[in-house]
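Next up, structure_38.txt (compact mmCIF, C-alpha atoms):
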```txt
# COMPACT_ATOMS: atom_id res chain seq x y z
CA GLY C 1 176.02 118.98 35.95
CA GLY C 2 173.42 118.60 38.66
CA GLN C 3 173.59 117.34 42.23
CA GLU C 4 170.18 115.86 42.99
CA GLY C 5 167.45 113.89 41.31
CA GLY C 6 164.50 111.59 41.70
CA GLY C 7 162.90 108.73 39.83
CA THR C 8 162.42 104.98 39.91
CA ILE C 9 165.19 102.40 40.29
CA ALA C 10 166.09 100.76 36.96
CA ALA C 11 168.67 98.26 38.27
CA VAL C 12 170.19 97.28 41.61
CA SER C 13 173.46 95.77 42.77
CA ASP C 14 173.57 92.81 45.13
CA GLU C 15 174.53 95.19 47.94
CA ALA C 16 171.53 97.41 47.22
CA ALA C 17 169.21 94.42 47.06
CA ALA C 18 170.53 93.25 50.42
CA GLN C 19 169.48 96.61 51.87
CA GLY C 20 165.94 96.16 50.59
CA LEU C 21 166.13 98.31 47.46
CA LYS C 22 164.48 96.91 44.35
CA VAL C 23 163.71 97.79 40.75
CA GLY C 24 160.72 100.13 40.52
CA ASP C 25 161.18 101.75 43.94
CA ARG C 26 160.56 105.48 44.00
CA VAL C 27 163.65 107.27 45.30
CA ALA C 28 165.41 110.61 45.50
CA TYR C 29 169.17 111.07 45.70
CA SER C 30 172.09 113.48 45.78
CA VAL C 31 175.14 112.80 43.60
CA PHE C 32 177.03 114.93 41.12
CA GLY C 33 176.13 114.35 37.46
CA SER C 34 172.36 114.07 37.90
CA TYR C 35 171.58 115.87 34.63
CA ALA C 36 171.10 112.48 32.99
CA GLU C 37 168.46 109.93 32.08
CA TYR C 38 170.19 107.32 34.27
CA THR C 39 172.45 107.93 37.26
CA ALA C 40 174.55 105.45 39.24
CA VAL C 41 173.86 106.18 42.90
CA PRO C 42 175.51 104.59 45.96
CA THR C 43 173.03 103.02 48.35
CA GLY C 44 174.13 105.44 51.05
CA LYS C 45 172.84 108.35 48.99
CA ILE C 46 169.36 106.99 48.26
CA LEU C 47 166.23 108.27 50.02
CA PRO C 48 163.17 106.02 49.72
CA VAL C 49 160.16 108.17 48.81
CA PRO C 50 156.96 107.20 50.66
CA ASP C 51 153.52 107.09 49.10
CA GLY C 52 151.82 110.46 49.18
CA VAL C 53 154.97 112.43 48.37
CA GLY C 54 155.43 113.38 44.72
CA LEU C 55 158.78 112.82 43.06
CA ASP C 56 159.03 116.54 42.27
CA VAL C 57 158.61 117.39 45.94
CA ALA C 58 160.98 114.59 47.02
CA THR C 59 163.64 115.79 44.59
CA SER C 60 163.27 119.31 45.98
CA CYS C 61 163.91 117.90 49.44
CA VAL C 62 167.27 116.26 48.76
CA VAL C 63 169.57 119.27 49.16
CA GLN C 64 167.37 122.21 50.14
CA GLY C 65 165.11 120.28 52.50
CA MET C 66 167.94 118.32 54.11
CA THR C 67 169.98 121.50 54.47
CA ALA C 68 167.08 123.30 56.11
CA HIS C 69 166.62 120.32 58.44
CA TYR C 70 170.17 120.32 59.79
CA LEU C 71 170.17 124.14 60.03
CA THR C 72 167.07 124.17 62.22
CA SER C 73 167.70 120.97 64.19
CA SER C 74 171.44 120.60 64.66
CA ALA C 75 173.77 123.35 63.41
CA HIS C 76 172.69 125.76 66.16
CA ALA C 77 174.05 123.31 68.79
CA ASP C 78 170.85 123.68 70.85
CA LEU C 79 171.70 127.29 71.67
CA ILE C 80 168.12 128.21 70.74
CA LYS C 81 165.12 126.77 72.58
CA GLU C 82 161.39 126.67 71.96
CA GLY C 83 159.82 130.12 72.19
CA GLU C 84 163.05 131.97 71.37
CA TRP C 85 163.72 134.18 68.35
CA CYS C 86 165.42 133.03 65.15
CA LEU C 87 166.31 135.34 62.25
CA ILE C 88 166.32 133.70 58.81
CA HIS C 89 167.51 135.67 55.78
CA GLY C 90 165.98 135.26 52.33
CA VAL C 91 162.85 133.31 53.25
CA GLY C 92 161.44 133.93 49.78
CA GLY C 93 164.07 131.58 48.30
CA GLY C 94 164.21 127.79 48.20
CA THR C 95 166.23 126.55 51.19
CA CYS C 96 165.01 129.19 53.60
CA GLN C 97 161.37 128.63 52.69
CA TRP C 98 161.94 125.16 54.13
CA ALA C 99 163.96 126.51 57.06
CA ALA C 100 161.31 129.03 58.12
CA GLN C 101 158.64 126.34 58.23
CA MET C 102 160.88 123.85 60.04
CA ALA C 103 161.89 126.46 62.60
CA LYS C 104 158.20 127.01 63.35
CA ILE C 105 157.62 123.24 63.62
CA ARG C 106 160.41 123.16 66.23
CA GLY C 107 158.72 125.92 68.21
CA TYR C 108 160.97 128.90 67.48
CA LYS C 109 159.68 132.40 66.86
CA VAL C 110 160.81 133.39 63.38
CA ILE C 111 161.78 136.71 61.83
CA GLY C 112 162.24 136.42 58.08
CA THR C 113 163.83 138.87 55.65
CA VAL C 114 162.50 138.93 52.11
CA SER C 115 162.44 141.09 49.00
CA LYS C 116 159.23 142.85 47.98
CA GLY C 117 158.99 140.65 44.89
CA LYS C 118 158.89 137.47 46.99
CA ALA C 119 156.84 138.76 49.92
CA ASP C 120 153.76 136.90 48.68
CA VAL C 121 155.58 133.59 49.02
CA ALA C 122 157.08 134.47 52.40
CA SER C 123 153.71 135.48 53.85
CA SER C 124 152.50 131.88 53.61
CA LEU C 125 155.35 130.36 55.62
CA GLY C 126 154.11 131.14 59.12
CA CYS C 127 156.86 133.58 60.11
CA ASP C 128 155.99 135.59 63.21
CA GLU C 129 157.50 138.72 61.66
CA LEU C 130 158.61 139.63 58.13
CA ILE C 131 161.09 142.37 57.29
CA VAL C 132 160.41 143.32 53.67
CA LEU C 133 163.26 144.90 51.71
CA ASP C 134 163.58 146.63 48.37
CA GLU C 135 165.18 144.71 45.52
CA VAL C 136 168.60 145.39 44.06
CA GLU C 137 168.05 147.34 40.87
CA GLY C 138 167.76 145.01 37.90
CA ALA C 139 167.58 141.85 40.03
CA SER C 140 165.28 139.99 42.41
CA PHE C 141 167.73 139.94 45.32
CA GLU C 142 167.08 141.76 48.59
CA ASP C 143 168.76 145.13 49.04
CA TYR C 144 169.97 144.85 52.62
CA GLU C 145 170.83 148.56 52.71
CA SER C 146 167.21 149.57 52.07
CA VAL C 147 166.03 148.79 55.63
CA ASP C 148 167.80 148.94 59.00
CA VAL C 149 167.32 145.24 59.72
CA VAL C 150 169.19 145.32 63.04
CA ALA C 151 166.95 148.09 64.33
CA LYS C 152 163.87 146.14 63.25
CA VAL C 153 165.14 143.00 64.98
CA ASN C 154 165.80 144.92 68.20
CA GLU C 155 162.34 146.45 68.02
CA ILE C 156 160.70 143.04 67.52
CA THR C 157 162.70 141.33 70.28
CA GLY C 158 162.47 144.15 72.80
CA GLY C 159 166.18 144.87 72.48
CA GLU C 160 167.21 141.31 73.31
CA GLY C 161 168.29 140.21 69.84
CA VAL C 162 167.88 136.70 68.46
CA LYS C 163 169.31 133.40 69.68
CA CYS C 164 170.08 132.14 66.17
CA VAL C 165 170.65 133.66 62.74
CA ILE C 166 170.43 131.39 59.68
CA ASP C 167 172.22 133.19 56.88
CA GLY C 168 172.68 131.94 53.32
CA ILE C 169 173.26 135.41 51.87
CA GLY C 170 176.86 135.91 52.99
CA LYS C 171 178.81 139.08 52.34
CA SER C 172 175.81 141.47 52.32
CA THR C 173 174.41 140.26 55.64
CA VAL C 174 177.34 139.26 57.84
CA ASP C 175 177.31 142.53 59.79
CA ILE C 176 173.53 142.43 60.12
CA SER C 177 173.62 138.86 61.34
CA ILE C 178 176.29 139.39 64.00
CA ASN C 179 174.71 142.63 65.23
CA SER C 180 171.27 141.00 65.47
CA LEU C 181 172.43 138.31 67.90
CA GLY C 182 171.38 138.25 71.50
CA ARG C 183 173.52 137.07 74.41
CA ARG C 184 175.10 133.66 73.67
CA GLY C 185 173.40 133.55 70.28
CA ILE C 186 174.79 131.72 67.27
CA PHE C 187 175.44 132.96 63.73
CA VAL C 188 174.94 130.04 61.33
CA SER C 189 176.48 131.04 58.00
CA PHE C 190 175.72 128.42 55.37
CA GLY C 191 175.76 130.19 51.99
CA ASN C 192 177.33 132.87 49.84
CA ALA C 193 174.54 134.18 47.61
CA SER C 194 176.01 137.72 47.70
CA GLY C 195 179.64 136.61 47.97
CA ALA C 196 181.77 134.88 50.58
CA VAL C 197 181.77 136.16 54.15
CA PRO C 198 185.04 138.08 54.64
CA ALA C 199 187.39 137.18 57.47
CA PHE C 200 186.73 138.95 60.76
CA PRO C 201 188.47 138.89 64.16
CA VAL C 202 186.98 136.46 66.65
CA LEU C 203 187.13 139.25 69.26
CA ARG C 204 184.17 140.77 67.46
CA LEU C 205 181.94 138.14 69.07
CA ILE C 206 182.79 139.22 72.62
CA GLY C 207 180.01 141.79 72.88
CA LYS C 208 177.34 139.12 73.35
CA SER C 209 179.62 136.11 73.98
CA ALA C 210 178.33 134.92 70.61
CA TYR C 211 179.06 131.81 68.58
CA VAL C 212 179.62 131.32 64.86
CA THR C 213 179.58 128.19 62.68
CA ARG C 214 180.03 127.55 58.96
CA PRO C 215 178.45 124.09 58.42
CA LYS C 216 177.87 121.91 55.35
CA LEU C 217 175.35 119.18 54.64
CA LEU C 218 177.88 116.34 54.32
CA ASP C 219 178.87 116.73 57.98
CA TYR C 220 175.23 116.39 59.04
CA THR C 221 174.49 113.26 56.97
CA VAL C 222 177.54 111.26 57.99
CA ASP C 223 175.90 107.83 57.74
CA ARG C 224 172.73 106.23 56.42
CA GLU C 225 171.08 106.36 59.85
CA GLU C 226 171.40 110.14 60.02
CA LEU C 227 170.40 110.51 56.36
CA THR C 228 167.19 108.51 56.75
CA TRP C 229 166.35 110.16 60.10
CA ARG C 230 166.43 113.59 58.48
CA SER C 231 164.59 112.56 55.32
CA GLY C 232 162.07 110.56 57.36
CA GLU C 233 161.14 113.58 59.45
CA ILE C 234 160.81 115.74 56.34
CA PHE C 235 158.64 113.25 54.45
CA SER C 236 156.50 112.76 57.56
CA TRP C 237 155.93 116.51 57.88
CA LEU C 238 155.04 116.68 54.19
CA ASN C 239 152.47 113.89 54.54
CA GLU C 240 151.02 115.55 57.66
CA GLY C 241 150.66 118.86 55.85
CA LYS C 242 153.07 120.64 58.17
CA LEU C 243 155.39 121.56 55.28
CA SER C 244 154.48 123.23 52.02
CA VAL C 245 156.99 122.92 49.20
CA SER C 246 157.17 125.40 46.36
CA VAL C 247 158.31 123.98 43.03
CA ASP C 248 158.85 127.21 41.12
CA THR C 249 159.20 125.92 37.57
CA THR C 250 160.38 122.98 35.50
CA PHE C 251 162.65 123.13 32.46
CA THR C 252 163.49 120.33 30.06
CA LEU C 253 167.05 119.08 30.24
CA ASP C 254 167.71 120.70 26.85
CA GLU C 255 166.91 124.02 28.54
CA ALA C 256 169.53 123.59 31.29
CA ALA C 257 171.31 126.84 30.36
CA GLU C 258 168.06 128.83 30.58
CA GLY C 259 167.38 127.30 33.98
CA HIS C 260 170.77 128.39 35.30
CA LYS C 261 170.25 131.94 34.01
CA TYR C 262 166.87 131.99 35.76
CA LEU C 263 168.51 131.01 39.05
CA GLU C 264 171.42 133.43 38.67
CA ALA C 265 168.97 136.30 38.16
CA GLY C 266 167.38 135.51 41.53
CA LYS C 267 163.95 134.95 39.97
CA SER C 268 163.18 131.65 41.65
CA LYS C 269 160.52 131.54 44.36
CA GLY C 270 161.11 127.87 45.02
CA LYS C 271 162.75 124.82 43.53
CA VAL C 272 163.79 124.76 39.88
CA LEU C 273 163.69 121.29 38.33
CA TYR C 274 164.63 119.64 35.04
CA ALA C 275 162.34 116.97 33.61
CA ILE C 276 163.44 114.08 31.40
```
Can you dump the structure from the file as structure tokens?
Amino acid sequence: GGQEGGGTIAAVSDEAAAQGLKVGDRVAYSVFGSYAEYTAVPTGKILPVPDGVGLDVATSCVVQGMTAHYLTSSAHADLIKEGEWCLIHGVGGGTCQWAAQMAKIRGYKVIGTVSKGKADVASSLGCDELIVLDEVEGASFEDYESVDVVAKVNEITGGEGVKCVIDGIGKSTVDISINSLGRRGIFVSFGNASGAVPAFPVLRLIGKSAYVTRPKLLDYTVDREELTWRSGEIFSWLNEGKLSVSVDTTFTLDEAAEGHKYLEAGKSKGKVLYAI
């Protein structure tokens, strides 16, 4: 199991050495099978970690941080500009904590949705507006039927709607996301926390001449140049204090099952790590 990790290089191939990697370098990476003491990682998947950035923070960056970066810099196809409104669902969780902060760095005005149990975390992210929802009974997930989010968005934006929606929730929020868009806005659907987004007719987008995209990280890190550009910006923002990363808790590798149950219950307020 596992898809990301961080540590120091124990051995290098000739190819890796030719690219400047050496034993002892601090790195983070994303490959399947990272629940291990040692992991074989292709050079194209390695992110050099600069001084001043902890390995726990760097490891948190590999998937969630990089995902948030492409969501706020590229996936919207420049259909949102500085000073325009962006709606981000679930800003109390890992990826969208990053996304809310990065959206602010890029100059967007941010509306975040969050459950009451994670509102304390969300309040520190710099969102211009927070829409706080009840939690689903017996869980820590937002109950998107507890508040009329579309009405709140229209109130905040003066009836204009938002230029971009970043939505990792899925089934529970698809209607909210589409109905919150302004003219020529884009619905960026990147996750399925509540279930997969059901099929819908493209004609539904005609009301605001809206756009929709369903991106994935691999298509936004297509080569090492793009990979290091994204990670370089993130690490730079971390060193400059523009980003704050929440590492929620750390389990030992022997406690992997408990860690997964913790995530599935929606309890995490940040990154969950395993230490070896």
Neighbour list for range 10-24 of chain C as JSON, numbers by chain, cut-off 9 Å, all atoms listed in the file, skip fewer than 2 positions in-chain: {"C": [7, 8, 26, 38, 42, 43, 48]}
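Distance check against Arg214 in chain C using only C-alpha atoms: of C:Lys267, C:Leu71, C:Gly232, C:Ala257, the minimum falls on C:Leu71.
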Give me the range 3-104 of chain C side of the contact with range 152-161 of chain C, cut-off 10 Å, one line per residue showing its nearest atom pair and distance in Å at one decimal, counting all atoms listed in the file, sorted by chain and residue number, as CSV.
```
residue,atom,partner,partner_atom,distance
C:Glu84,CA,C:Thr157,CA,9.4
C:Trp85,CA,C:Thr157,CA,7.5
C:Cys86,CA,C:Gly161,CA,9.0
C:Leu87,CA,C:Val153,CA,8.2
```
Dump C-alpha atoms for the selected residues as a PDB file, in the coordinates of the input?
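See part-v6.pdb below for the written result:
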```pdb
ATOM      1  CA  GLU C  84     163.050 131.970  71.370  1.00  0.00           C
ATOM      2  CA  TRP C  85     163.720 134.180  68.350  1.00  0.00           C
ATOM      3  CA  CYS C  86     165.420 133.030  65.150  1.00  0.00           C
ATOM      4  CA  LEU C  87     166.310 135.340  62.250  1.00  0.00           C
TER       5      LEU C  87
END
```
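Using all atoms listed in the file, the nearest neighbour of Gly266 in chain C within the list C:Val150, C:Val62, C:Ile80, C:Ala193 is C:Ala193.
The nearest approach to Cys127 in chain C among the residues C:Tyr144, C:Val149, C:Ala99, C:Gly241, with all atoms listed in the file taken into account, belongs to C:Ala99.
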Shortest interatomic distance to Ile178 in chain C - which of C:Ser34, C:Thr249, C:Asn239, C:Thr213, counting all atoms listed in the file: C:Thr213
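Interatomic distance, CA of Ser124 in chain C to CA of Tyr274 in chain C: 25.3 Å.
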Nearest residue to Val110 in chain C from the set C:Lys171, C:Lys45, C:His89, C:His69 (distances using all atoms listed in the file): C:His89
Gap from CA of Ile88 in chain C to CA of Val165 in chain C - Å, one decimal: 5.8 Å
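Residue nearest Phe190 in chain C, chosen from C:Leu243, C:Ala58, C:Ala256, C:Ala75 and counting all atoms listed in the file: C:Ala75.
The spacing separating CA of Cys61 in chain C from CA of Glu4 in chain C amounts to 9.2 Å.
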Taking all atoms of range 198-206 of chain C that the file lists and extending 6 Å past them on each side, where is the centre of the axis-aligned box and how long are its edges? Answer in Å to one decimal, as lines of an AutoDock Vina configuration file.
```
center_x = 185.2
center_y = 138.6
center_z = 63.6
size_x = 18.5
size_y = 16.3
size_z = 30.0
```
Contact residues around Met66 in chain C with only C-alpha atoms at 10 Å, ignoring same-chain residues under 2 positions, as JSON, numbers by chain: {"C": [60, 61, 62, 63, 64, 68, 69, 70, 71, 95, 98, 99, 217, 220, 221, 227, 230, 231, 233, 234]}
Ala196 in chain C surroundings by all atoms listed in the file, 10 Å radius, close-in-sequence under 3 positions cut, as a PyMOL selection string: chain C and resi 168-172+174+189+191-193+199
Missing atoms of range 95-106 of chain C rebuilt to N, CA, C and O atoms, written as a CSV table (one decimal), in the frame of the given file:
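The resulting selection.csv:
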```
chain,number,residue,atom,x,y,z
C,95,THR,N,165.8,127.2,49.9
C,95,THR,CA,166.2,126.6,51.2
C,95,THR,C,165.6,127.2,52.4
C,95,THR,O,165.1,126.5,53.3
C,96,CYS,N,165.5,128.5,52.4
C,96,CYS,CA,165.0,129.2,53.6
C,96,CYS,C,163.5,129.2,53.7
C,96,CYS,O,162.9,129.5,54.7
C,97,GLN,N,162.8,128.9,52.6
C,97,GLN,CA,161.4,128.6,52.7
C,97,GLN,C,161.2,127.4,53.6
C,97,GLN,O,160.3,127.4,54.4
C,98,TRP,N,162.0,126.4,53.3
C,98,TRP,CA,161.9,125.2,54.1
C,98,TRP,C,162.3,125.5,55.6
C,98,TRP,O,161.7,125.1,56.5
C,99,ALA,N,163.4,126.2,55.7
C,99,ALA,CA,164.0,126.5,57.1
C,99,ALA,C,163.0,127.3,57.9
C,99,ALA,O,162.8,127.0,59.1
C,100,ALA,N,162.3,128.3,57.3
C,100,ALA,CA,161.3,129.0,58.1
C,100,ALA,C,160.2,128.1,58.6
C,100,ALA,O,159.8,128.2,59.8
C,101,GLN,N,159.7,127.2,57.8
C,101,GLN,CA,158.6,126.3,58.2
C,101,GLN,C,159.1,125.3,59.3
C,101,GLN,O,158.4,125.1,60.3
C,102,MET,N,160.3,124.8,59.1
C,102,MET,CA,160.9,123.8,60.0
C,102,MET,C,161.2,124.5,61.4
C,102,MET,O,161.0,123.9,62.4
C,103,ALA,N,161.6,125.7,61.3
C,103,ALA,CA,161.9,126.5,62.6
C,103,ALA,C,160.6,126.6,63.4
C,103,ALA,O,160.6,126.5,64.6
C,104,LYS,N,159.5,126.9,62.7
C,104,LYS,CA,158.2,127.0,63.4
C,104,LYS,C,157.8,125.7,63.9
C,104,LYS,O,157.2,125.6,65.0
C,105,ILE,N,158.0,124.6,63.1
C,105,ILE,CA,157.6,123.2,63.6
C,105,ILE,C,158.4,122.9,64.9
C,105,ILE,O,157.8,122.3,65.8
C,106,ARG,N,159.6,123.4,65.0
C,106,ARG,CA,160.4,123.2,66.2
C,106,ARG,C,160.1,124.1,67.4
C,106,ARG,O,160.7,124.1,68.4
```
